[in-house]
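A short write-up of the structure that comes next.
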Amino acid sequence: MATSLKNLSDYTASTFVDISEKRFGLVVAEWNRDITDVLAQGAFDTLIKHGAKEENIYRNTVPGSFELTLGAQFLAQHEEIDAVICLGVVIRGDTKHDDYINHAVAQGLTTVGLKFNKPVIFGLVTTNTLEQAQDRAGGKHGNKGVEAAAAAIHMLGF
Ligand code: RBF
């Protein structure tokens with residue numbers, strides 16, 4: 001479904017478990033940093049809002065979205081980490097690089113989650129334009145970082 005039709009930033013928290021003792025990995029791509037910083041702030045604020053302790057949120061950066069998978073694995077392999085949230089922005093250009101990156105990240109994060117049996121959240125904003133990305137990072141379509149954090153909390157209650 002198009003994200004313009006579904007904004008999860010006003011998710012329902014009624015089913016959320018207690019996350020006060022949970023540890024979160026946050027992996028943030030530096031490519032399109034102006035936007036990924038907003039996603040990361042949204043994710044961080046959401047975890048804190050729902051009870052996570054600041055010292056239990058381990059934030060790391062990777063150069064670009066393609067590296068989110070390995071960054072996620074570096075964190076997920078630690079037993080103490082309960083969930084990993086991956087954030088990046090891939091904007092379509094003149095070539096098909098975005099397709100390759102997006103598919104690799106989707107498949108890679110799925111693999112890491114299954115391998116370590118813990119939530120590894122796909123917070124990759126994939127758009128045609130910069131404006132569409134900004135709309136999804138604190139703009140008219142909410143903040144996908146907030147939604148990624150909400151998805152992580154939701155999955156911890158599974
Ligand atoms: N990384 C992103 O996170 N978003 C992008 O839009 C993006 N575009 C790229 C376009 C090209 C042509 C290349 C070569 C890389 C791009 N990257 C992008 C970086 C990529 O995720 C990765 O960091 C580098 O390819 C190094 O492995």
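We name chains A, B, ... following the order of the structure tokens; residues begin at 1 in each chain, and ligands are numbered from 1 as shown.
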With 9 Å as the cut-off and only C-alpha atoms and all ligand atoms counted, what is the closest atom pair between each nearby residue of chain A and ligand 1? Distances in Å to one decimal, ordered by chain and number, as a Markdown table.
```
| residue | atom | partner | partner_atom_place_in_ligand_line | distance |
| --- | --- | --- | --- | --- |
| A:Ala29 | CA | ligand 1 | 3 (O) | 5.7 |
| A:Glu30 | CA | ligand 1 | 3 (O) | 6.8 |
| A:Trp31 | CA | ligand 1 | 3 (O) | 4.5 |
| A:Asn32 | CA | ligand 1 | 4 (N) | 6.4 |
| A:Arg33 | CA | ligand 1 | 3 (O) | 8.7 |
| A:Thr36 | CA | ligand 1 | 3 (O) | 8.9 |
| A:Val62 | CA | ligand 1 | 23 (O) | 7.5 |
| A:Pro63 | CA | ligand 1 | 23 (O) | 4.9 |
| A:Gly64 | CA | ligand 1 | 23 (O) | 3.2 |
| A:Ser65 | CA | ligand 1 | 3 (O) | 3.6 |
| A:Phe66 | CA | ligand 1 | 21 (O) | 3.8 |
| A:Glu67 | CA | ligand 1 | 23 (O) | 5.9 |
| A:Leu68 | CA | ligand 1 | 21 (O) | 8.2 |
| A:Leu87 | CA | ligand 1 | 3 (O) | 8.8 |
| A:Gly88 | CA | ligand 1 | 3 (O) | 5.3 |
| A:Val89 | CA | ligand 1 | 4 (N) | 5.1 |
| A:Val90 | CA | ligand 1 | 6 (O) | 3.5 |
| A:Ile91 | CA | ligand 1 | 6 (O) | 4.4 |
| A:Arg92 | CA | ligand 1 | 6 (O) | 6.6 |
| A:Gly93 | CA | ligand 1 | 10 (C) | 7.4 |
| A:Asp94 | CA | ligand 1 | 12 (C) | 8.9 |
| A:Thr95 | CA | ligand 1 | 12 (C) | 7.4 |
| A:Lys96 | CA | ligand 1 | 12 (C) | 8.3 |
| A:His97 | CA | ligand 1 | 12 (C) | 5.5 |
| A:Asp98 | CA | ligand 1 | 8 (N) | 6.4 |
| A:Ile101 | CA | ligand 1 | 21 (O) | 6.3 |
| A:Asn102 | CA | ligand 1 | 21 (O) | 8.9 |
| A:Leu124 | CA | ligand 1 | 3 (O) | 8.5 |
| A:Thr126 | CA | ligand 1 | 6 (O) | 8.2 |
| A:Thr127 | CA | ligand 1 | 6 (O) | 9.0 |
```
- Query: Smallest atom-to-atom distance to A:Cys86: which of A:Val27, A:Leu47, A:Leu156, A:Ala151, using only C-alpha atoms?
  - Reply: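 Nearest to A:Cys86: A:Val27.
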- Message: Could you go through stretch 4-132 of chain A and tell me which residues DSSP, when run on the backbone, assigns to strand (DSSP E or B), listing them as a PyMOL selection string?
- Response: chain A and resi 24-29+57-62+83-91+120-127
- Message: I want to know what sits within 12 Å of A:Ala150, based on only C-alpha atoms, with residues of the same chain fewer than 4 positions away left out; could you give that as a ChimeraX atom specification?
- Response: /A:8-17,19,42-50,52,83-85,119,121-123,143-146,154-157
Create the file for the chosen residues now, containing N, CA and C atoms and written as a short mmCIF file (atom, residue, chain, number, x, y, z; two decimals), in the first residue's frame.
```cif
data_model
loop_
_atom_site.label_atom_id
_atom_site.label_comp_id
_atom_site.auth_asym_id
_atom_site.auth_seq_id
_atom_site.Cartn_x
_atom_site.Cartn_y
_atom_site.Cartn_z
N LEU A 8 1.62 5.32 9.76
CA LEU A 8 1.60 4.60 11.03
C LEU A 8 2.15 5.41 12.19
N SER A 9 2.48 6.69 11.94
CA SER A 9 3.06 7.49 13.01
C SER A 9 2.07 7.65 14.17
N ASP A 10 0.77 7.52 13.87
CA ASP A 10 -0.20 7.53 14.96
C ASP A 10 -0.64 6.09 15.26
N TYR A 11 0.35 5.24 15.39
CA TYR A 11 0.15 3.84 15.73
C TYR A 11 -0.56 3.71 17.07
N THR A 12 -1.11 2.52 17.32
CA THR A 12 -1.72 2.31 18.64
C THR A 12 -0.72 1.61 19.55
N ALA A 13 -0.53 2.17 20.73
CA ALA A 13 0.46 1.64 21.66
C ALA A 13 -0.17 0.71 22.69
N SER A 14 -1.45 0.42 22.53
CA SER A 14 -2.16 -0.32 23.57
C SER A 14 -1.59 -1.72 23.80
N THR A 15 -0.94 -2.29 22.80
CA THR A 15 -0.43 -3.66 22.96
C THR A 15 1.06 -3.68 23.30
N PHE A 16 1.66 -2.53 23.48
CA PHE A 16 3.09 -2.51 23.70
C PHE A 16 3.48 -3.14 25.04
N VAL A 17 4.57 -3.89 25.00
CA VAL A 17 5.08 -4.48 26.25
C VAL A 17 5.99 -3.49 26.96
N ILE A 19 9.24 -2.01 27.88
CA ILE A 19 10.56 -2.06 27.23
C ILE A 19 11.64 -1.40 28.10
N GLY A 42 13.34 10.51 15.44
CA GLY A 42 11.97 10.00 15.63
C GLY A 42 11.97 8.64 16.29
N ALA A 43 12.88 7.78 15.85
CA ALA A 43 12.95 6.44 16.44
C ALA A 43 13.40 6.52 17.90
N PHE A 44 14.43 7.31 18.14
CA PHE A 44 14.96 7.46 19.50
C PHE A 44 13.86 8.00 20.43
N ASP A 45 13.23 9.06 20.03
CA ASP A 45 12.19 9.69 20.87
C ASP A 45 11.05 8.71 21.16
N THR A 46 10.72 7.90 20.18
CA THR A 46 9.62 6.94 20.36
C THR A 46 10.00 5.86 21.37
N LEU A 47 11.23 5.38 21.28
CA LEU A 47 11.68 4.37 22.26
C LEU A 47 11.67 4.95 23.66
N ILE A 48 12.17 6.18 23.79
CA ILE A 48 12.20 6.82 25.12
C ILE A 48 10.77 7.05 25.62
N LYS A 49 9.93 7.52 24.74
CA LYS A 49 8.52 7.80 25.11
C LYS A 49 7.83 6.56 25.67
N HIS A 50 8.22 5.40 25.15
CA HIS A 50 7.56 4.17 25.59
C HIS A 50 8.34 3.42 26.66
N ALA A 52 11.96 3.05 27.11
CA ALA A 52 13.35 2.58 26.98
C ALA A 52 14.28 3.57 27.69
N ALA A 83 16.43 -5.86 19.88
CA ALA A 83 15.87 -5.51 18.57
C ALA A 83 16.79 -4.50 17.89
N VAL A 84 16.79 -4.54 16.57
CA VAL A 84 17.63 -3.62 15.80
C VAL A 84 16.73 -2.86 14.83
N ILE A 85 16.93 -1.56 14.80
CA ILE A 85 16.13 -0.70 13.92
C ILE A 85 17.08 -0.07 12.89
N PRO A 119 13.74 -9.09 16.28
CA PRO A 119 13.25 -8.10 15.32
C PRO A 119 14.40 -7.27 14.74
N ILE A 121 14.34 -4.29 12.07
CA ILE A 121 13.29 -3.50 11.43
C ILE A 121 13.80 -2.76 10.19
N PHE A 122 13.00 -2.86 9.14
CA PHE A 122 13.31 -2.26 7.83
C PHE A 122 12.76 -0.84 7.80
N GLY A 123 13.59 0.10 8.16
CA GLY A 123 13.17 1.51 8.14
C GLY A 123 13.83 2.23 6.98
N ASN A 143 6.64 10.29 10.21
CA ASN A 143 8.08 10.03 10.36
C ASN A 143 8.27 8.51 10.40
N LYS A 144 8.91 8.00 9.37
CA LYS A 144 9.08 6.55 9.27
C LYS A 144 10.02 6.02 10.35
N GLY A 145 10.80 6.91 10.97
CA GLY A 145 11.62 6.49 12.10
C GLY A 145 10.76 6.16 13.31
N VAL A 146 9.74 6.97 13.52
CA VAL A 146 8.77 6.71 14.60
C VAL A 146 8.11 5.35 14.36
N HIS A 154 6.40 -3.38 19.00
CA HIS A 154 5.30 -4.31 18.73
C HIS A 154 5.84 -5.75 18.65
N MET A 155 6.90 -5.92 17.90
CA MET A 155 7.45 -7.27 17.69
C MET A 155 8.02 -7.87 18.97
N LEU A 156 8.48 -7.01 19.88
CA LEU A 156 9.01 -7.53 21.15
C LEU A 156 7.90 -8.15 22.00
N GLY A 157 6.68 -7.79 21.69
CA GLY A 157 5.55 -8.35 22.45
C GLY A 157 5.00 -9.62 21.84
#
```
- Between atom CA of A:Leu109 and atom CA of A:Ala148, what is the distance, to one decimal in Å? 13.2 Å
- Query: Expressed in Å to a single decimal, how great is the separation between atom CA of A:Val38 and atom CA of A:Glu54?
  - Reply: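 Answer for the atom CA of A:Val38 to atom CA of A:Glu54 separation: 17.3 Å.
With only C-alpha atoms as the atoms that count, the minimum distance from A:Ala40 to the choices A:Asn117, A:Gln107, A:Gln73, A:Glu147 is reached by A:Glu147.
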